[in-house]
>>> print(open('structure.json').read())   # JSON, C-alpha atoms
[["chain", "number", "residue", "atom", "x", "y", "z"],
["A", 87, "MET", "CA", -160.54, -29.21, 140.02],
["A", 88, "LYS", "CA", -161.77, -29.94, 143.53],
["A", 89, "SER", "CA", -160.04, -32.27, 146.00],
["A", 90, "GLY", "CA", -158.23, -34.11, 143.22],
["A", 91, "ARG", "CA", -161.37, -34.52, 141.12],
["A", 92, "LEU", "CA", -162.47, -32.94, 137.91],
["A", 93, "VAL", "CA", -166.09, -31.94, 138.37],
["A", 94, "ALA", "CA", -168.00, -30.38, 135.51],
["A", 95, "GLN", "CA", -171.45, -29.91, 134.09],
["A", 96, "VAL", "CA", -171.92, -30.70, 130.42],
["A", 97, "THR", "CA", -175.05, -29.40, 128.78],
["A", 98, "GLY", "CA", -176.55, -31.31, 125.86],
["A", 99, "LYS", "CA", -180.21, -32.14, 125.72],
["A", 100, "GLN", "CA", -179.99, -31.84, 129.47],
["A", 101, "ALA", "CA", -177.29, -30.78, 131.91],
["A", 102, "TYR", "CA", -175.24, -33.76, 133.06],
["A", 103, "ARG", "CA", -172.80, -33.83, 135.90],
["A", 104, "VAL", "CA", -169.40, -35.44, 135.28],
["A", 105, "SER", "CA", -166.81, -36.35, 137.86],
["A", 106, "ILE", "CA", -163.38, -37.79, 136.99],
["A", 107, "TRP", "CA", -160.74, -38.85, 139.50],
["A", 108, "ILE", "CA", -157.53, -40.84, 139.72],
["A", 109, "ASN", "CA", -157.77, -44.41, 140.96],
["A", 110, "GLY", "CA", -154.22, -45.69, 141.18],
["A", 111, "ASP", "CA", -152.95, -45.69, 137.63],
["A", 112, "ARG", "CA", -156.48, -45.69, 136.23],
["A", 113, "LEU", "CA", -159.25, -43.16, 135.89],
["A", 114, "GLY", "CA", -162.43, -43.29, 137.90],
["A", 115, "TYR", "CA", -165.40, -41.55, 136.33],
["A", 116, "VAL", "CA", -169.12, -41.09, 136.63],
["A", 117, "CYS", "CA", -171.69, -39.16, 134.63],
["A", 118, "SER", "CA", -175.33, -38.59, 135.44],
["A", 119, "CYS", "CA", -176.45, -39.37, 131.86],
["A", 120, "PRO", "CA", -178.06, -42.75, 130.98],
["A", 121, "ALA", "CA", -174.86, -44.07, 129.36],
["A", 122, "GLY", "CA", -172.87, -42.94, 132.40],
["A", 123, "ALA", "CA", -175.30, -44.80, 134.64],
["A", 124, "ASP", "CA", -174.34, -47.94, 132.71],
["A", 125, "GLY", "CA", -170.70, -47.32, 133.58],
["A", 126, "ASP", "CA", -169.66, -46.03, 130.16],
["A", 127, "PHE", "CA", -166.99, -43.39, 129.63],
["A", 128, "CYS", "CA", -169.63, -41.41, 127.79],
["A", 129, "LYS", "CA", -169.35, -38.43, 125.45],
["A", 130, "HIS", "CA", -169.77, -36.06, 128.40],
["A", 131, "CYS", "CA", -166.82, -37.67, 130.19],
["A", 132, "VAL", "CA", -164.83, -37.45, 126.96],
["A", 133, "ALA", "CA", -165.62, -33.74, 126.60],
["A", 134, "VAL", "CA", -164.47, -33.00, 130.16],
["A", 135, "ALA", "CA", -161.35, -35.13, 129.76],
["A", 136, "ILE", "CA", -160.39, -33.43, 126.49],
["A", 137, "ALA", "CA", -161.00, -30.03, 128.03],
["A", 138, "TRP", "CA", -158.57, -30.87, 130.81],
["A", 139, "VAL", "CA", -155.95, -32.36, 128.47],
["A", 140, "GLU", "CA", -156.07, -29.51, 125.97],
["A", 141, "GLN", "CA", -156.78, -26.62, 128.31],
["A", 142, "PRO", "CA", -155.38, -27.46, 131.76],
["A", 143, "PRO", "CA", -156.56, -24.98, 134.38],
["A", 144, "PRO", "CA", -154.11, -22.39, 135.66],
["A", 145, "ARG", "CA", -152.43, -23.39, 138.87],
["A", 146, "THR", "CA", -153.80, -21.86, 142.01],
["A", 147, "THR", "CA", -151.65, -19.74, 144.29],
["A", 148, "SER", "CA", -151.29, -22.60, 146.76],
["A", 149, "GLU", "CA", -149.83, -24.76, 144.00],
["A", 150, "LEU", "CA", -147.18, -22.25, 143.10],
["A", 151, "GLY", "CA", -144.89, -23.03, 146.00],
["A", 152, "ALA", "CA", -143.46, -21.07, 148.88],
["A", 153, "ASN", "CA", -142.70, -17.91, 146.92],
["A", 154, "ALA", "CA", -146.02, -17.64, 145.18],
["A", 155, "ASN", "CA", -146.90, -14.32, 146.77],
["A", 156, "ASP", "CA", -143.73, -12.70, 145.50],
["A", 157, "ALA", "CA", -144.66, -10.78, 142.36],
["A", 158, "ASN", "CA", -141.13, -11.23, 141.02],
["A", 159, "VAL", "CA", -141.35, -15.03, 140.95],
["A", 160, "ARG", "CA", -141.19, -16.17, 137.33],
["A", 161, "PHE", "CA", -141.73, -19.85, 137.87],
["A", 162, "THR", "CA", -143.22, -22.33, 140.30],
["A", 163, "ALA", "CA", -141.22, -24.39, 142.77],
["A", 164, "ALA", "CA", -141.62, -27.45, 140.54],
["A", 165, "GLU", "CA", -140.53, -25.51, 137.46],
["A", 166, "GLY", "CA", -137.54, -24.21, 139.42],
["A", 167, "GLN", "CA", -136.52, -27.79, 140.11],
["A", 168, "CYS", "CA", -136.72, -28.56, 136.41],
["A", 169, "LEU", "CA", -134.56, -25.54, 135.60],
["A", 170, "ALA", "CA", -132.07, -26.58, 138.30],
["A", 171, "PHE", "CA", -131.97, -30.10, 136.85],
["A", 172, "VAL", "CA", -131.26, -28.77, 133.36],
["A", 173, "TYR", "CA", -128.49, -26.58, 134.75],
["A", 174, "TYR", "CA", -126.75, -29.32, 136.75],
["A", 175, "PHE", "CA", -127.31, -32.02, 134.13],
["A", 176, "THR", "CA", -125.58, -29.89, 131.50],
["A", 177, "LYS", "CA", -122.71, -29.14, 133.85],
["A", 178, "VAL", "CA", -122.15, -32.71, 134.97],
["A", 179, "ASN", "CA", -122.70, -34.49, 131.65],
["A", 180, "ARG", "CA", -121.25, -31.83, 129.38],
["A", 181, "ARG", "CA", -124.25, -32.13, 127.12],
["A", 182, "ALA", "CA", -127.66, -30.52, 127.13],
["A", 183, "ALA", "CA", -130.56, -32.31, 128.79],
["A", 184, "THR", "CA", -133.47, -33.57, 126.71],
["A", 185, "ILE", "CA", -137.07, -34.34, 127.55],
["A", 186, "SER", "CA", -136.05, -37.97, 128.16],
["A", 187, "ASP", "CA", -133.61, -36.86, 130.84],
["A", 188, "VAL", "CA", -136.26, -34.68, 132.50],
["A", 189, "ARG", "CA", -138.80, -37.52, 132.38],
["A", 190, "SER", "CA", -136.36, -39.98, 133.80],
["A", 191, "PHE", "CA", -135.15, -37.77, 136.64],
["A", 192, "PHE", "CA", -138.59, -36.61, 137.81],
["A", 193, "ASP", "CA", -140.36, -39.87, 136.87],
["A", 194, "LEU", "CA", -142.85, -38.01, 134.70],
["A", 195, "ALA", "CA", -145.14, -39.25, 131.96],
["A", 196, "GLN", "CA", -144.30, -37.97, 128.48],
["A", 197, "ILE", "CA", -147.26, -35.63, 128.43],
["A", 198, "ALA", "CA", -146.43, -34.17, 131.84],
["A", 199, "ALA", "CA", -142.81, -33.52, 130.88],
["A", 200, "ALA", "CA", -143.86, -32.05, 127.53],
["A", 201, "THR", "CA", -146.38, -29.75, 129.22],
["A", 202, "LEU", "CA", -143.78, -28.61, 131.74],
["A", 203, "LEU", "CA", -141.16, -27.88, 129.07],
["A", 204, "ASP", "CA", -143.67, -26.24, 126.73],
["A", 205, "SER", "CA", -144.71, -23.92, 129.53],
["A", 206, "LEU", "CA", -141.10, -23.01, 130.36],
["A", 207, "GLU", "CA", -140.31, -22.42, 126.69],
["A", 208, "GLN", "CA", -143.38, -20.27, 126.10],
["A", 209, "ARG", "CA", -142.22, -18.01, 128.93],
["A", 210, "ARG", "CA", -138.71, -18.00, 127.52],
["A", 211, "LEU", "CA", -137.19, -19.59, 130.58],
["A", 212, "ILE", "CA", -135.66, -22.27, 128.35],
["A", 213, "ARG", "CA", -135.11, -22.70, 124.64],
["A", 214, "ARG", "CA", -135.04, -25.98, 122.76],
["A", 215, "GLU", "CA", -133.09, -26.93, 119.68],
["A", 216, "PRO", "CA", -134.70, -29.04, 116.95],
["A", 217, "THR", "CA", -132.55, -31.90, 118.27],
["A", 218, "GLY", "CA", -134.40, -31.65, 121.58],
["A", 219, "ALA", "CA", -131.47, -30.17, 123.49],
["A", 220, "ILE", "CA", -132.70, -27.91, 126.29],
["A", 221, "HIS", "CA", -130.85, -24.71, 127.13],
["A", 222, "LEU", "CA", -131.53, -22.34, 129.99],
["A", 223, "SER", "CA", -132.53, -18.78, 129.23],
["A", 224, "VAL", "CA", -132.30, -17.66, 132.85],
["A", 225, "SER", "CA", -129.24, -16.81, 134.84],
["A", 226, "ARG", "CA", -127.76, -19.20, 137.40],
["A", 227, "ALA", "CA", -128.63, -16.72, 140.14],
["A", 228, "GLU", "CA", -132.34, -17.17, 139.47],
["A", 229, "ILE", "CA", -132.26, -20.95, 139.70],
["A", 230, "PRO", "CA", -132.90, -22.67, 143.03],
["A", 231, "ASP", "CA", -130.77, -25.51, 144.35],
["A", 232, "LEU", "CA", -131.70, -28.94, 143.13],
["A", 233, "GLU", "CA", -133.36, -30.71, 146.05],
["B", 258, "MET", "CA", -145.34, -31.15, 142.05],
["B", 259, "SER", "CA", -149.06, -30.27, 142.12],
["B", 260, "GLU", "CA", -152.38, -32.02, 142.34],
["B", 261, "GLN", "CA", -152.61, -31.72, 138.55],
["B", 262, "GLU", "CA", -149.64, -33.99, 138.09],
["B", 263, "PRO", "CA", -151.32, -37.33, 138.89],
["B", 264, "PHE", "CA", -153.95, -36.37, 136.34],
["B", 265, "ALA", "CA", -151.32, -35.53, 133.75],
["B", 266, "ASN", "CA", -149.78, -38.97, 134.27],
["B", 267, "VAL", "CA", -153.06, -40.80, 133.70],
["B", 268, "LEU", "CA", -155.40, -38.50, 131.81],
["B", 269, "HIS", "CA", -154.18, -38.10, 128.26],
["B", 270, "GLU", "CA", -155.45, -38.67, 124.72],
["B", 271, "GLU", "CA", -154.39, -42.29, 124.70],
["B", 272, "MET", "CA", -156.38, -43.03, 127.85],
["B", 273, "ILE", "CA", -159.41, -41.19, 126.49],
["B", 274, "SER", "CA", -159.25, -43.24, 123.28],
["B", 275, "LYS", "CA", -158.95, -46.42, 125.32],
["B", 276, "LEU", "CA", -161.95, -45.70, 127.52],
["B", 277, "ALA", "CA", -164.36, -44.14, 125.04],
["B", 278, "ARG", "CA", -166.30, -46.78, 123.15],
["B", 279, "GLY", "CA", -167.92, -46.45, 119.76],
["B", 280, "PRO", "CA", -168.84, -42.94, 118.74],
["B", 281, "SER", "CA", -168.41, -41.50, 122.25],
["B", 282, "HIS", "CA", -164.94, -40.16, 121.49],
["B", 283, "ALA", "CA", -165.98, -38.22, 118.38],
["B", 284, "ARG", "CA", -169.18, -36.97, 120.02],
["B", 285, "GLY", "CA", -167.32, -35.90, 123.15],
["B", 286, "ARG", "CA", -164.77, -34.02, 121.08],
["B", 287, "ALA", "CA", -167.60, -32.30, 119.25],
["B", 288, "TYR", "CA", -169.03, -31.21, 122.62],
["B", 289, "PHE", "CA", -165.65, -29.88, 123.67],
["B", 290, "GLU", "CA", -165.01, -28.03, 120.41],
["B", 291, "ARG", "CA", -168.45, -26.47, 120.47],
["B", 292, "ALA", "CA", -167.88, -25.29, 124.04],
["B", 293, "ALA", "CA", -164.38, -24.03, 123.22],
["B", 294, "SER", "CA", -165.63, -22.06, 120.21],
["B", 295, "VAL", "CA", -168.37, -20.46, 122.31],
["B", 296, "SER", "CA", -165.97, -19.47, 125.08],
["B", 297, "SER", "CA", -163.27, -18.13, 122.71],
["B", 298, "PRO", "CA", -163.40, -14.41, 121.86]]
>>> encode(input="structure.json", output="structure tokens")
Amino acid sequence: MKSGRLVAQVTGKQAYRVSIWINGDRLGYVCSCPAGADGDFCKHCVAVAIAWVEQPPPRTTSELGANANDANVRFTAAEGQCLAFVYYFTKVNRRAATISDVRSFFDLAQIAAATLLDSLEQRRLIRREPTGAIHLSVSRAEIPDLE
Amino acid sequence: MSEQEPFANVLHEEMISKLARGPSHARGRAYFERAASVSSP
């Protein structure tokens, strides 16, 4: 990803250059193949889009927040806010938060919230019940304040 | 949160299905899967 754009080269019969970017709530895209020249979201665009959806790139150091250089940091600033939300939500509402609560609070799309929670769960920072209830697996001392 | 987030809000399977016409979706997925299988150990 470069300056908010996905830029990739897809090699078929020839190498084609694909660029995908956000245009408001829509996607902008261009591909150097003949179909792309006609304005189509061609198979090369599809391949790049699927690659991003299914294999999002690791976050760069600058995206990890203020403590990114600290080797002991277990989560990003954004993930810390999610953990803090889960902590305070549970305390205030006397019930566990669910993905709907996380989506609603941070105004996230379903896929963004699911990706965030999947990532936290894979690293055992949270655990989820089959009901969707989210529980923290980190101590209160590790969680930042909710901003 | 990060510059990936606006993409996550807009770029998802549903949007890909909406934009890709005809056989482009299946062909694009085939491209992706071929590339993924080559890059996997």
>>> residues_around(input="structure.json", residues="Tyr288 (chain B)", least_positions_apart="2", cutoff="10 Å", atoms="all atoms listed in the file", output="list in words")
Val96, Thr97, Gly98, Lys129, His130, Val132, Ala133, Val134, Ile136 and Ala137 of chain A; His282, Ala283, Arg284, Gly285, Arg286, Glu290, Arg291, Ala292 and Ala293 of chain B
>>> residues_near_point(input="structure.json", point="(-133.4, -27.4, 121.4)", cutoff="12 Å", atoms="all atoms listed in the file", output="ChimeraX atom specification")
/A:181-185,203-204,207,212-223
>>> write_last_selection(input="structure.json", atoms="C-alpha atoms", output="compact mmCIF listing (two decimals), in the coordinates of the input")
# COMPACT_ATOMS: atom_id res chain seq x y z
CA ARG A 181 -124.25 -32.13 127.12
CA ALA A 182 -127.66 -30.52 127.13
CA ALA A 183 -130.56 -32.31 128.79
CA THR A 184 -133.47 -33.57 126.71
CA ILE A 185 -137.07 -34.34 127.55
CA LEU A 203 -141.16 -27.88 129.07
CA ASP A 204 -143.67 -26.24 126.73
CA GLU A 207 -140.31 -22.42 126.69
CA ILE A 212 -135.66 -22.27 128.35
CA ARG A 213 -135.11 -22.70 124.64
CA ARG A 214 -135.04 -25.98 122.76
CA GLU A 215 -133.09 -26.93 119.68
CA PRO A 216 -134.70 -29.04 116.95
CA THR A 217 -132.55 -31.90 118.27
CA GLY A 218 -134.40 -31.65 121.58
CA ALA A 219 -131.47 -30.17 123.49
CA ILE A 220 -132.70 -27.91 126.29
CA HIS A 221 -130.85 -24.71 127.13
CA LEU A 222 -131.53 -22.34 129.99
CA SER A 223 -132.53 -18.78 129.23
>>> atom_distance(input="structure.json", atom1="CA of Pro230 (chain A)", atom2="CA of Leu169 (chain A)")
8.1 Å
>>> residues_around(input="structure.json", residues="Leu202 (chain A)", least_positions_apart="6", cutoff="10 Å", atoms="only C-alpha atoms", output="MDAnalysis selection string")
chainID A and resid 164:165 168 185 188 194 196
>>> atom_distance(input="structure.json", atom1="CA of Ser105 (chain A)", atom2="CA of Glu140 (chain A)")
17.4 Å
>>> axis_aligned_box(input="structure.json", around="region 188-193 of chain A", padding_each_side="8 Å", output="JSON")
{"center_x": -137.8, "center_y": -37.3, "center_z": 135.1, "size_x": 21.2, "size_y": 21.3, "size_z": 21.4}
>>> residues_near_point(input="structure.json", point="(-158.7, -43.4, 127.6)", cutoff="10 Å", atoms="only C-alpha atoms", output="CSV table (one decimal) with C-alpha atoms, keeping the file's coordinate frame")
chain,number,residue,atom,x,y,z
A,112,ARG,CA,-156.5,-45.7,136.2
A,113,LEU,CA,-159.2,-43.2,135.9
A,127,PHE,CA,-167.0,-43.4,129.6
A,132,VAL,CA,-164.8,-37.4,127.0
A,135,ALA,CA,-161.4,-35.1,129.8
B,267,VAL,CA,-153.1,-40.8,133.7
B,268,LEU,CA,-155.4,-38.5,131.8
B,269,HIS,CA,-154.2,-38.1,128.3
B,270,GLU,CA,-155.4,-38.7,124.7
B,271,GLU,CA,-154.4,-42.3,124.7
B,272,MET,CA,-156.4,-43.0,127.8
B,273,ILE,CA,-159.4,-41.2,126.5
B,274,SER,CA,-159.2,-43.2,123.3
B,275,LYS,CA,-159.0,-46.4,125.3
B,276,LEU,CA,-162.0,-45.7,127.5
B,277,ALA,CA,-164.4,-44.1,125.0
B,278,ARG,CA,-166.3,-46.8,123.2
B,282,HIS,CA,-164.9,-40.2,121.5
>>> atom_distance(input="structure.json", atom1="CA of Leu232 (chain A)", atom2="CA of Ser205 (chain A)")
19.5 Å
>>> residues_around(input="structure.json", residues="Ile106 (chain A)", least_positions_apart="5", cutoff="6 Å", atoms="all atoms listed in the file", output="count of residues only")
4
>>> closest_residue(input="structure.json", among="A:Asp187, A:Gly122, A:Arg226, A:Lys99", to="Phe175 (chain A)", atoms="all atoms listed in the file")
A:Asp187
